[in-house]
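Visitor: Structure file run-v3.tsv, TSV, C-alpha atoms, is pasted below:
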```
chain	number	residue	atom	x	y	z
A	1	MET	CA	-0.44	-10.60	-18.54
A	2	ALA	CA	-1.48	-13.15	-21.16
A	3	PHE	CA	-1.40	-10.42	-23.80
A	4	VAL	CA	2.18	-9.44	-22.87
A	5	ILE	CA	3.28	-13.09	-22.95
A	6	TRP	CA	1.57	-13.62	-26.31
A	7	LEU	CA	3.34	-10.59	-27.80
A	8	THR	CA	6.80	-11.45	-26.49
A	9	TYR	CA	7.02	-15.24	-26.10
A	10	THR	CA	9.24	-17.21	-28.49
A	11	PRO	CA	9.18	-21.04	-28.56
A	12	GLY	CA	12.26	-22.51	-26.93
A	13	VAL	CA	13.08	-19.39	-24.93
A	14	LEU	CA	13.12	-21.37	-21.67
A	15	THR	CA	16.26	-23.18	-22.82
A	16	HIS	CA	18.11	-19.87	-22.47
A	17	LEU	CA	17.43	-19.65	-18.73
A	18	LYS	CA	20.60	-19.81	-16.66
A	19	ALA	CA	20.31	-22.03	-13.60
A	20	LYS	CA	22.76	-19.86	-11.68
A	21	ARG	CA	20.34	-16.88	-11.94
A	22	LEU	CA	17.12	-18.64	-10.94
A	23	PRO	CA	17.82	-18.51	-7.14
A	24	GLY	CA	17.16	-14.81	-7.58
A	25	LEU	CA	13.45	-15.66	-7.66
A	26	ILE	CA	13.80	-17.14	-4.17
A	27	ILE	CA	15.45	-13.88	-3.09
A	28	ALA	CA	12.50	-12.00	-4.60
A	29	ILE	CA	10.06	-14.05	-2.50
A	30	VAL	CA	12.13	-13.35	0.64
A	31	VAL	CA	12.18	-9.62	-0.16
A	32	SER	CA	8.40	-9.71	-0.67
A	33	PHE	CA	7.95	-11.12	2.84
A	34	MET	CA	10.45	-8.59	4.18
A	35	ARG	CA	8.22	-5.84	2.76
A	36	LEU	CA	5.28	-7.31	4.64
A	37	GLY	CA	7.40	-7.53	7.81
A	38	PHE	CA	8.48	-3.89	7.68
A	39	SER	CA	4.90	-2.79	6.97
A	40	ALA	CA	3.58	-4.79	9.92
A	41	ALA	CA	6.35	-3.40	12.12
A	42	LYS	CA	5.32	0.14	11.13
A	43	ILE	CA	1.67	-0.45	12.09
A	44	ARG	CA	2.70	-2.07	15.39
A	45	TYR	CA	5.07	0.82	16.14
A	46	LEU	CA	2.40	3.45	15.39
A	47	SER	CA	0.03	1.63	17.75
A	48	GLU	CA	2.77	2.05	20.40
A	49	LYS	CA	3.10	-1.74	20.42
A	50	VAL	CA	-0.40	-2.22	21.81
A	51	LEU	CA	-1.06	-4.29	18.68
A	52	ASP	CA	0.83	-7.58	18.85
A	53	TRP	CA	2.86	-9.02	15.96
A	54	MET	CA	0.16	-11.44	14.83
A	55	GLY	CA	-2.42	-8.69	14.79
A	56	SER	CA	-0.04	-6.40	12.90
A	57	PHE	CA	0.47	-9.02	10.20
A	58	ARG	CA	-3.29	-9.63	9.96
A	59	VAL	CA	-3.93	-5.90	9.50
A	60	MET	CA	-1.28	-5.57	6.79
A	61	LEU	CA	-2.39	-8.72	4.97
A	62	SER	CA	-5.98	-7.51	4.92
A	63	TRP	CA	-4.69	-4.14	3.66
A	64	ASP	CA	-2.75	-5.86	0.87
A	65	PHE	CA	-5.70	-8.07	-0.02
A	66	THR	CA	-8.13	-5.15	-0.30
A	67	SER	CA	-5.57	-3.19	-2.33
A	68	SER	CA	-5.33	-6.16	-4.69
A	69	ILE	CA	-9.06	-6.35	-5.41
A	70	THR	CA	-9.94	-2.63	-5.48
A	71	PRO	CA	-8.73	0.16	-7.78
A	72	SER	CA	-5.27	1.40	-6.82
A	73	VAL	CA	-6.65	4.89	-6.21
A	74	VAL	CA	-8.89	3.42	-3.47
A	75	GLY	CA	-6.30	1.23	-1.76
A	76	GLY	CA	-6.69	-0.95	1.31
A	77	ALA	CA	-6.61	1.67	4.08
A	78	PRO	CA	-10.39	1.50	4.76
A	79	MET	CA	-10.19	-2.27	5.30
A	80	ALA	CA	-7.08	-1.83	7.47
A	81	THR	CA	-8.98	0.70	9.59
A	82	TYR	CA	-11.82	-1.78	10.02
A	83	ALA	CA	-9.30	-4.50	10.90
A	84	MET	CA	-7.79	-2.27	13.58
A	85	THR	CA	-11.22	-1.86	15.20
A	86	LYS	CA	-11.52	-5.66	15.33
A	87	GLU	CA	-8.14	-5.74	17.06
A	88	GLY	CA	-9.57	-3.65	19.92
A	89	PHE	CA	-8.95	-0.04	18.84
A	90	ASN	CA	-11.77	2.47	18.58
A	91	PHE	CA	-12.55	3.89	15.16
A	92	GLY	CA	-10.92	7.25	15.89
A	93	GLN	CA	-7.64	5.69	16.97
A	94	SER	CA	-7.66	3.30	14.02
A	95	THR	CA	-8.27	6.11	11.56
A	96	ALA	CA	-5.55	8.28	13.10
A	97	ILE	CA	-3.02	5.43	12.90
A	98	MET	CA	-3.96	4.75	9.27
A	99	LEU	CA	-3.73	8.46	8.42
A	100	PHE	CA	-0.30	8.64	10.04
A	101	SER	CA	0.78	5.54	8.14
A	102	LEU	CA	-0.45	7.04	4.87
A	103	LEU	CA	1.34	10.28	5.71
A	104	LEU	CA	4.62	8.38	6.06
A	105	ASP	CA	4.03	6.89	2.62
A	106	GLN	CA	3.34	10.35	1.22
A	107	LEU	CA	6.55	11.69	2.78
A	108	TRP	CA	8.41	8.86	1.04
A	109	PHE	CA	6.78	9.79	-2.26
A	110	ALA	CA	7.75	13.43	-1.68
A	111	LEU	CA	11.35	12.26	-1.23
A	112	ALA	CA	11.20	9.97	-4.27
A	113	VAL	CA	10.05	12.70	-6.67
A	114	PRO	CA	13.20	14.87	-6.45
A	115	ILE	CA	15.33	11.71	-6.66
A	116	LEU	CA	13.67	10.85	-9.95
A	117	LEU	CA	13.85	14.42	-11.26
A	118	ILE	CA	17.58	14.68	-10.54
A	119	SER	CA	18.25	11.17	-11.83
A	120	GLY	CA	16.39	12.05	-15.01
A	121	ILE	CA	19.24	14.42	-15.89
A	122	PHE	CA	21.70	11.53	-16.06
A	123	PHE	CA	19.49	8.52	-16.82
A	124	GLU	CA	16.54	7.83	-19.10
A	125	VAL	CA	14.21	7.13	-16.17
A	126	VAL	CA	11.07	7.51	-18.27
A	127	PRO	CA	11.60	5.46	-21.46
A	128	SER	CA	11.76	7.49	-24.65
A	129	ASN	CA	9.17	5.24	-26.30
A	130	THR	CA	6.48	6.74	-24.01
A	131	GLY	CA	6.83	10.01	-25.93
A	132	PHE	CA	5.60	13.42	-24.81
A	133	ILE	CA	2.43	12.01	-23.27
A	134	GLY	CA	4.39	9.64	-21.03
A	135	HIS	CA	6.76	12.36	-19.82
A	136	ALA	CA	3.93	14.85	-19.27
A	137	SER	CA	1.88	12.25	-17.37
A	138	MET	CA	4.79	11.47	-15.05
A	139	MET	CA	5.34	15.19	-14.41
A	140	LEU	CA	1.66	15.66	-13.53
A	141	LEU	CA	1.93	12.64	-11.25
A	142	TYR	CA	4.95	14.15	-9.49
A	143	ILE	CA	3.11	17.43	-8.94
A	144	GLY	CA	0.01	15.62	-7.68
A	145	LEU	CA	1.98	13.48	-5.20
A	146	LEU	CA	3.87	16.48	-3.80
A	147	SER	CA	0.63	18.46	-3.42
A	148	TYR	CA	-1.16	15.57	-1.71
A	149	ALA	CA	1.81	14.98	0.61
A	150	GLY	CA	1.69	18.65	1.62
A	151	LEU	CA	-2.03	18.48	2.41
A	152	MET	CA	-1.61	15.25	4.39
A	153	ALA	CA	1.28	16.70	6.40
A	154	TYR	CA	-0.74	19.82	7.18
A	155	GLY	CA	-3.83	17.88	8.23
A	156	VAL	CA	-2.10	15.25	10.37
A	157	LEU	CA	0.93	17.08	11.79
A	158	LYS	CA	0.03	20.76	11.73
A	159	ASN	CA	-3.73	21.13	12.06
A	160	PRO	CA	-5.72	17.95	12.82
A	161	ASN	CA	-8.78	20.14	13.45
A	162	ALA	CA	-8.89	20.76	9.72
A	163	ILE	CA	-9.74	17.07	9.28
A	164	ARG	CA	-12.67	17.51	11.67
A	165	LYS	CA	-13.96	20.51	9.69
A	166	VAL	CA	-13.75	18.62	6.40
A	167	VAL	CA	-15.59	15.58	7.83
A	168	HIS	CA	-18.31	17.75	9.42
A	169	TRP	CA	-18.77	19.49	6.08
A	170	LEU	CA	-19.11	16.12	4.33
A	171	LEU	CA	-21.65	14.97	6.91
A	172	LYS	CA	-23.95	17.80	5.80
A	173	LEU	CA	-24.51	15.95	2.54
A	174	PRO	CA	-28.02	14.41	2.47
A	175	PHE	CA	-26.91	10.78	2.07
A	176	LEU	CA	-24.42	11.05	4.97
A	177	ARG	CA	-26.52	12.92	7.56
A	178	ARG	CA	-27.86	9.81	9.25
A	179	TRP	CA	-24.32	8.91	10.40
A	180	LYS	CA	-23.58	12.39	11.76
A	181	ASP	CA	-24.06	11.58	15.44
A	182	THR	CA	-22.16	8.28	15.20
A	183	VAL	CA	-19.21	9.72	13.33
A	184	ALA	CA	-18.92	12.97	15.32
A	185	GLY	CA	-17.66	11.24	18.47
A	186	GLU	CA	-15.17	9.11	16.54
A	187	ILE	CA	-13.82	12.18	14.74
A	188	ASP	CA	-13.12	13.71	18.15
A	189	ASN	CA	-11.18	10.54	19.03
A	190	LEU	CA	-9.29	10.81	15.74
A	191	VAL	CA	-8.30	14.44	16.38
A	192	GLU	CA	-7.34	13.65	19.99
A	193	TYR	CA	-5.10	10.76	18.92
A	194	ALA	CA	-3.63	12.83	16.09
A	195	HIS	CA	-2.68	15.46	18.67
A	196	GLU	CA	-1.03	12.73	20.76
A	197	LEU	CA	0.98	11.59	17.74
A	198	ARG	CA	2.08	15.17	17.09
A	199	LYS	CA	3.51	15.35	20.60
A	200	LYS	CA	5.76	12.36	19.99
A	201	PRO	CA	9.51	13.08	19.83
A	202	LYS	CA	11.16	13.40	16.44
A	203	SER	CA	12.82	10.03	17.00
A	204	PHE	CA	9.34	8.43	16.92
A	205	LEU	CA	8.58	9.93	13.53
A	206	LEU	CA	12.04	9.07	12.18
A	207	LYS	CA	11.81	5.41	13.23
A	208	ALA	CA	8.34	5.07	11.75
A	209	PHE	CA	9.57	6.75	8.56
A	210	PHE	CA	12.52	4.32	8.46
A	211	LEU	CA	10.16	1.32	8.64
A	212	SER	CA	7.97	2.82	5.92
A	213	THR	CA	11.02	3.52	3.74
A	214	MET	CA	12.35	-0.03	4.12
A	215	SER	CA	8.96	-1.42	3.11
A	216	TRP	CA	8.95	0.71	-0.03
A	217	LEU	CA	12.56	-0.13	-0.88
A	218	CYS	CA	11.63	-3.82	-0.77
A	219	ARG	CA	8.69	-3.15	-3.06
A	220	ILE	CA	10.90	-1.20	-5.49
A	221	ALA	CA	13.62	-3.84	-5.46
A	222	LEU	CA	11.27	-6.65	-6.55
A	223	PRO	CA	11.03	-5.86	-10.31
A	224	THR	CA	14.81	-5.44	-10.54
A	225	ILE	CA	15.47	-8.71	-8.69
A	226	VAL	CA	13.06	-10.57	-10.98
A	227	VAL	CA	14.67	-9.11	-14.12
A	228	LEU	CA	18.18	-9.98	-12.88
A	229	SER	CA	16.97	-13.50	-12.09
A	230	LEU	CA	16.45	-14.02	-15.81
A	231	LEU	CA	18.97	-11.79	-17.59
A	232	PRO	CA	21.73	-9.28	-16.87
A	233	ALA	CA	20.53	-5.66	-16.93
A	234	ASP	CA	21.51	-2.13	-15.94
A	235	VAL	CA	20.84	-2.34	-12.20
A	236	ILE	CA	20.77	1.40	-11.40
A	237	LEU	CA	18.46	2.24	-14.30
A	238	SER	CA	16.21	-0.72	-13.48
A	239	VAL	CA	15.85	0.46	-9.86
A	240	LEU	CA	15.10	4.05	-10.93
A	241	ARG	CA	12.50	2.85	-13.41
A	242	SER	CA	11.03	0.57	-10.78
A	243	LEU	CA	10.65	3.60	-8.50
A	244	ALA	CA	8.91	5.55	-11.28
A	245	MET	CA	6.69	2.53	-12.02
A	246	ASN	CA	5.59	2.19	-8.40
A	247	LEU	CA	4.58	5.84	-8.28
A	248	ALA	CA	2.59	5.40	-11.50
A	249	PHE	CA	0.86	2.33	-10.02
A	250	LEU	CA	-0.85	4.60	-7.47
A	251	ILE	CA	-3.25	6.05	-10.04
A	252	MET	CA	-4.29	2.85	-11.77
A	253	PRO	CA	-8.13	2.68	-11.92
A	254	THR	CA	-8.37	-1.13	-12.14
A	255	PRO	CA	-8.43	-3.64	-9.23
A	256	GLY	CA	-4.87	-4.03	-8.01
A	257	GLY	CA	-3.77	-2.08	-11.08
A	258	SER	CA	-4.39	-5.19	-13.20
A	259	GLY	CA	-3.70	-4.56	-16.84
A	260	GLY	CA	-1.98	-1.25	-16.27
A	261	VAL	CA	0.88	-2.42	-14.08
A	262	GLU	CA	1.77	-5.28	-16.42
A	263	GLY	CA	1.92	-2.81	-19.29
A	264	LEU	CA	4.06	-0.39	-17.29
A	265	PHE	CA	6.43	-3.22	-16.35
A	266	ALA	CA	6.85	-4.11	-20.03
A	267	ILE	CA	7.35	-0.46	-21.00
A	268	PHE	CA	9.80	0.44	-18.21
A	269	GLN	CA	11.71	-2.81	-17.65
A	270	GLY	CA	11.30	-4.46	-21.07
A	271	PRO	CA	13.86	-2.27	-22.92
A	272	LEU	CA	16.50	-3.28	-20.34
A	273	MET	CA	16.16	-6.98	-21.22
A	274	ASP	CA	18.27	-8.24	-24.13
A	275	ARG	CA	15.89	-11.07	-24.93
A	276	LYS	CA	12.40	-9.62	-25.48
A	277	ALA	CA	10.98	-13.15	-25.20
A	278	PHE	CA	11.71	-12.99	-21.46
A	279	ILE	CA	9.51	-9.93	-20.84
A	280	GLY	CA	6.31	-11.96	-20.48
A	281	LEU	CA	8.04	-14.45	-18.21
A	282	ALA	CA	9.38	-11.61	-16.04
A	283	VAL	CA	5.93	-10.02	-15.78
A	284	PHE	CA	4.41	-13.37	-14.79
A	285	ALA	CA	7.05	-14.10	-12.09
A	286	TRP	CA	6.84	-10.57	-10.68
A	287	ARG	CA	3.04	-10.55	-10.46
A	288	VAL	CA	2.89	-13.96	-8.80
A	289	ILE	CA	5.43	-12.92	-6.18
A	290	SER	CA	4.17	-9.39	-5.52
A	291	TYR	CA	0.42	-9.80	-6.15
A	292	TYR	CA	-1.01	-13.31	-6.09
A	293	ILE	CA	0.79	-14.42	-2.93
A	294	SER	CA	-0.62	-11.32	-1.20
A	295	ILE	CA	-4.12	-12.21	-2.41
A	296	GLY	CA	-3.85	-15.73	-1.01
A	297	LEU	CA	-2.51	-14.73	2.40
A	298	GLY	CA	-4.67	-11.62	2.58
A	299	MET	CA	-7.81	-13.62	1.87
A	300	MET	CA	-7.14	-15.72	4.97
A	301	ALA	CA	-6.56	-12.63	7.13
A	302	THR	CA	-9.65	-10.83	5.82
A	303	THR	CA	-11.80	-13.94	6.30
A	304	TRP	CA	-10.55	-14.13	9.90
A	305	TYR	CA	-11.92	-10.64	10.56
A	306	ILE	CA	-15.22	-11.42	8.85
A	307	ASN	CA	-15.62	-14.61	10.91
A	308	ARG	CA	-14.78	-12.70	14.08
A	309	SER	CA	-17.35	-10.04	13.20
A	310	MET	CA	-20.01	-12.72	12.69
A	311	VAL	CA	-19.13	-14.38	16.00
A	312	ASP	CA	-19.36	-11.03	17.82
A	313	THR	CA	-22.74	-10.34	16.21
A	314	LEU	CA	-24.11	-13.77	17.16
A	315	SER	CA	-22.78	-13.36	20.71
A	316	ASP	CA	-24.47	-9.97	21.04
A	317	GLU	CA	-27.76	-11.41	19.77
A	318	ALA	CA	-27.51	-14.37	22.17
A	319	ALA	CA	-26.79	-12.04	25.09
A	320	LYS	CA	-29.74	-9.83	24.13
A	321	GLU	CA	-32.07	-12.84	23.94
A	322	LYS	CA	-30.87	-14.07	27.34
A	323	ILE	CA	-31.54	-10.67	28.91
A	324	GLU	CA	-35.00	-10.56	27.38
A	325	SER	CA	-35.77	-14.09	28.55
A	326	ASP	CA	-34.69	-13.24	32.12
A	327	LEU	CA	-37.05	-10.27	32.30
A	328	PRO	CA	-40.30	-10.94	34.15
A	329	SER	CA	-43.25	-11.45	31.82
```
Would it be possible to restate this file's structure as structure tokens?
Guide:
Amino acid sequence: MAFVIWLTYTPGVLTHLKAKRLPGLIIAIVVSFMRLGFSAAKIRYLSEKVLDWMGSFRVMLSWDFTSSITPSVVGGAPMATYAMTKEGFNFGQSTAIMLFSLLLDQLWFALAVPILLISGIFFEVVPSNTGFIGHASMMLLYIGLLSYAGLMAYGVLKNPNAIRKVVHWLLKLPFLRRWKDTVAGEIDNLVEYAHELRKKPKSFLLKAFFLSTMSWLCRIALPTIVVLSLLPADVILSVLRSLAMNLAFLIMPTPGGSGGVEGLFAIFQGPLMDRKAFIGLAVFAWRVISYYISIGLGMMATTWYINRSMVDTLSDEAAKEKIESDLPS
């Protein structure tokens, strides 16, 4: 971020800010919280409303926090699964809900790819300055997302038993064998709950997909809102490029995509801004709103689960000591 600002900043650029546009940053913050709200609503809905609103927000905040401090390819789903177990769900149910949530995201990606391909006929969605490598990389990304979405849909909706077979095969590996007995029962719970989700009416899937879509639309809208808060720009092209950017963010190898996502923002959104000196400012505002706020709130949620885990452990130890002390010597 500092590098982008250093390359683009011009002394006195802040005098060109228009006060009438700055409220757009407030709108961006509201949209960021709307994204969190839709994501929490999706998790609560998939739990069939067994998870209350506060718990749903804690799960999503811990998911966001973990996503922000781990490589983008890892994501925060493992932490969210752990959080669900601390909310009272068994590991199999938690994993099934997370898999279903990830599947909804993959279905959204599968829908986004053809939108970008068709839009690319009429708009320069991938900037020309990325060259052949940039266009080829995006095409490989599209193919990868569609393939992964197909595998997820097959495993969760069509044949959950395939997930069991894959896990049992993995548990044959030497360094995983010791967890075989523990995991086997939870995998049965996962498959059982996945079968229950498959039996849900289409309206259940459609509503969950709607909540997932709204969450992603909020995420995609953020870069465009930030850019428009500083300067006028081509709204349609900015939104399309934001969609392409967000897909590219998924394969960033750094924690929270740091370094890569700032560069992609400058490459995709920068050419749409008349004053290049504003690019660094836009990157800074966007990252604070979409990233650092999530880290702050998510840290509190994650710490809550860690504290709860420690309390449960101490309670179990105290109960064990009491039982041992009550036994006759």
Visitor: Using all atoms listed in the file for the distances, tell me which of A:Gly37, A:Gly298, A:Gly280, A:Gly131 is nearest to Ala2 (chain A).
Guide: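 Closest candidate: A:Gly280.
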Visitor: Distance CA of Pro271 (chain A)-CA of Cys218 (chain A), one decimal place?
Guide: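 Distance reported for this atom pair: 22.3 Å.
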Visitor: Within 8 Å of Ser215 (chain A), counting all atoms listed in the file, which residues qualify if same-chain residues fewer than 3 places away don't, as a list in words?
Guide: Met34, Arg35, Leu36, Gly37, Phe38, Ser39, Leu211, Ser212, Cys218 and Arg219 of chain A
Visitor: Axis-aligned box over every listed atom of region 151-154 of chain A, padded by 3 Å per side: centre and edges in Å to one decimal, as AutoDock Vina command-line options?
Guide:
```
--center_x -0.4 --center_y 17.5 --center_z 4.8 --size_x 9.3 --size_y 10.6 --size_z 10.8
```
Visitor: Out of A:Ser32, A:Ser68, A:Thr130, A:Ser56, which residue has the shortest atom-to-atom distance to Gly263 (chain A) when counting all atoms listed in the file?
Guide: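 Closest residue, counting all atoms listed in the file: A:Thr130.
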Visitor: Take CA of Ala149 (chain A) and CA of Asp105 (chain A) and report the distance between them in Å, one decimal.
Guide: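 Atom-to-atom, CA of Ala149 (chain A) to CA of Asp105 (chain A), that is 8.6 Å.
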Visitor: Just give me the gap between CA of Trp63 (chain A) and CA of Ala208 (chain A) in Å, one decimal is fine.
Guide: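 CA of Ala208 (chain A) lies at a distance of 17.9 Å from CA of Trp63 (chain A).
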Visitor: Choose the residue, out of A:Leu17, A:Leu107, A:Leu141, A:Ile29, that has the smallest atom-to-atom separation from Trp286 (chain A); count only C-alpha atoms.
Guide: A:Ile29
Visitor: Which is closest to Ser119 (chain A) among A:Leu272, A:Arg287, A:Ile267, A:Leu237, if we use only C-alpha atoms?
Guide: A:Leu237
Visitor: Residues within 12 Å of Ala153 (chain A), please, as a PyMOL selection string. Count only C-alpha atoms; anything in the same chain fewer than 2 positions from it doesn't count.
Guide: chain A and resi 99-108+110+146-151+155-160+162-163+194+198
Visitor: Under the rule that all atoms listed in the file are counted, which of A:Ser238, A:Ser94, A:Thr224, A:Ser128 is the nearest residue to Val191 (chain A)?
Guide: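 Closest to Val191 (chain A), using all atoms listed in the file: A:Ser94.
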Visitor: Which residue, A:Gly76, A:Pro23, A:Pro174, A:Gly134, has the smallest gap to Met245 (chain A) when you use all atoms listed in the file?
Guide: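 So, comparing all the options, the nearest one is A:Gly134.
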Visitor: Please list as a VMD selection string every residue within 6 Å of Tyr9 (chain A), counting all atoms listed in the file and excluding residues in the same chain fewer than 3 positions away.
Guide: chain A and resid 5 to 6 277
Visitor: Taking the partial coordinates given, rebuild region 216-227 of chain A to contain N, CA, C and O atoms; return it as an mmCIF file, keeping the file's coordinate frame.
Guide:
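Result file selection.cif:
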```cif
data_model
loop_
_atom_site.group_PDB
_atom_site.id
_atom_site.type_symbol
_atom_site.label_atom_id
_atom_site.label_comp_id
_atom_site.auth_asym_id
_atom_site.auth_seq_id
_atom_site.Cartn_x
_atom_site.Cartn_y
_atom_site.Cartn_z
ATOM 1 N N TRP A 216 9.012 0.263 1.355
ATOM 2 C CA TRP A 216 8.950 0.710 -0.030
ATOM 3 C C TRP A 216 10.196 0.320 -0.818
ATOM 4 O O TRP A 216 10.113 0.002 -2.008
ATOM 5 N N LEU A 217 11.340 0.306 -0.183
ATOM 6 C CA LEU A 217 12.560 -0.130 -0.880
ATOM 7 C C LEU A 217 12.455 -1.597 -1.282
ATOM 8 O O LEU A 217 12.918 -1.988 -2.360
ATOM 9 N N CYS A 218 11.849 -2.406 -0.418
ATOM 10 C CA CYS A 218 11.630 -3.820 -0.770
ATOM 11 C C CYS A 218 10.698 -3.929 -1.967
ATOM 12 O O CYS A 218 10.931 -4.722 -2.886
ATOM 13 N N ARG A 219 9.640 -3.128 -1.948
ATOM 14 C CA ARG A 219 8.690 -3.150 -3.060
ATOM 15 C C ARG A 219 9.367 -2.745 -4.371
ATOM 16 O O ARG A 219 9.144 -3.339 -5.425
ATOM 17 N N ILE A 220 10.222 -1.722 -4.292
ATOM 18 C CA ILE A 220 10.900 -1.200 -5.490
ATOM 19 C C ILE A 220 11.959 -2.176 -5.990
ATOM 20 O O ILE A 220 12.200 -2.291 -7.193
ATOM 21 N N ALA A 221 12.566 -2.911 -5.070
ATOM 22 C CA ALA A 221 13.620 -3.840 -5.460
ATOM 23 C C ALA A 221 13.079 -5.060 -6.215
ATOM 24 O O ALA A 221 13.802 -5.676 -7.009
ATOM 25 N N LEU A 222 11.822 -5.410 -5.991
ATOM 26 C CA LEU A 222 11.270 -6.650 -6.550
ATOM 27 C C LEU A 222 11.366 -6.742 -8.082
ATOM 28 O O LEU A 222 11.854 -7.755 -8.605
ATOM 29 N N PRO A 223 10.917 -5.731 -8.845
ATOM 30 C CA PRO A 223 11.030 -5.860 -10.310
ATOM 31 C C PRO A 223 12.466 -6.056 -10.770
ATOM 32 O O PRO A 223 12.732 -6.866 -11.670
ATOM 33 N N THR A 224 13.397 -5.328 -10.149
ATOM 34 C CA THR A 224 14.810 -5.440 -10.540
ATOM 35 C C THR A 224 15.346 -6.831 -10.227
ATOM 36 O O THR A 224 16.062 -7.434 -11.046
ATOM 37 N N ILE A 225 15.000 -7.374 -9.064
ATOM 38 C CA ILE A 225 15.470 -8.710 -8.690
ATOM 39 C C ILE A 225 14.933 -9.754 -9.667
ATOM 40 O O ILE A 225 15.662 -10.671 -10.087
ATOM 41 N N VAL A 226 13.660 -9.614 -10.034
ATOM 42 C CA VAL A 226 13.060 -10.570 -10.980
ATOM 43 C C VAL A 226 13.756 -10.490 -12.331
ATOM 44 O O VAL A 226 14.091 -11.526 -12.938
ATOM 45 N N VAL A 227 13.999 -9.275 -12.826
ATOM 46 C CA VAL A 227 14.670 -9.110 -14.120
ATOM 47 C C VAL A 227 16.068 -9.721 -14.070
ATOM 48 O O VAL A 227 16.474 -10.466 -14.973
#
```
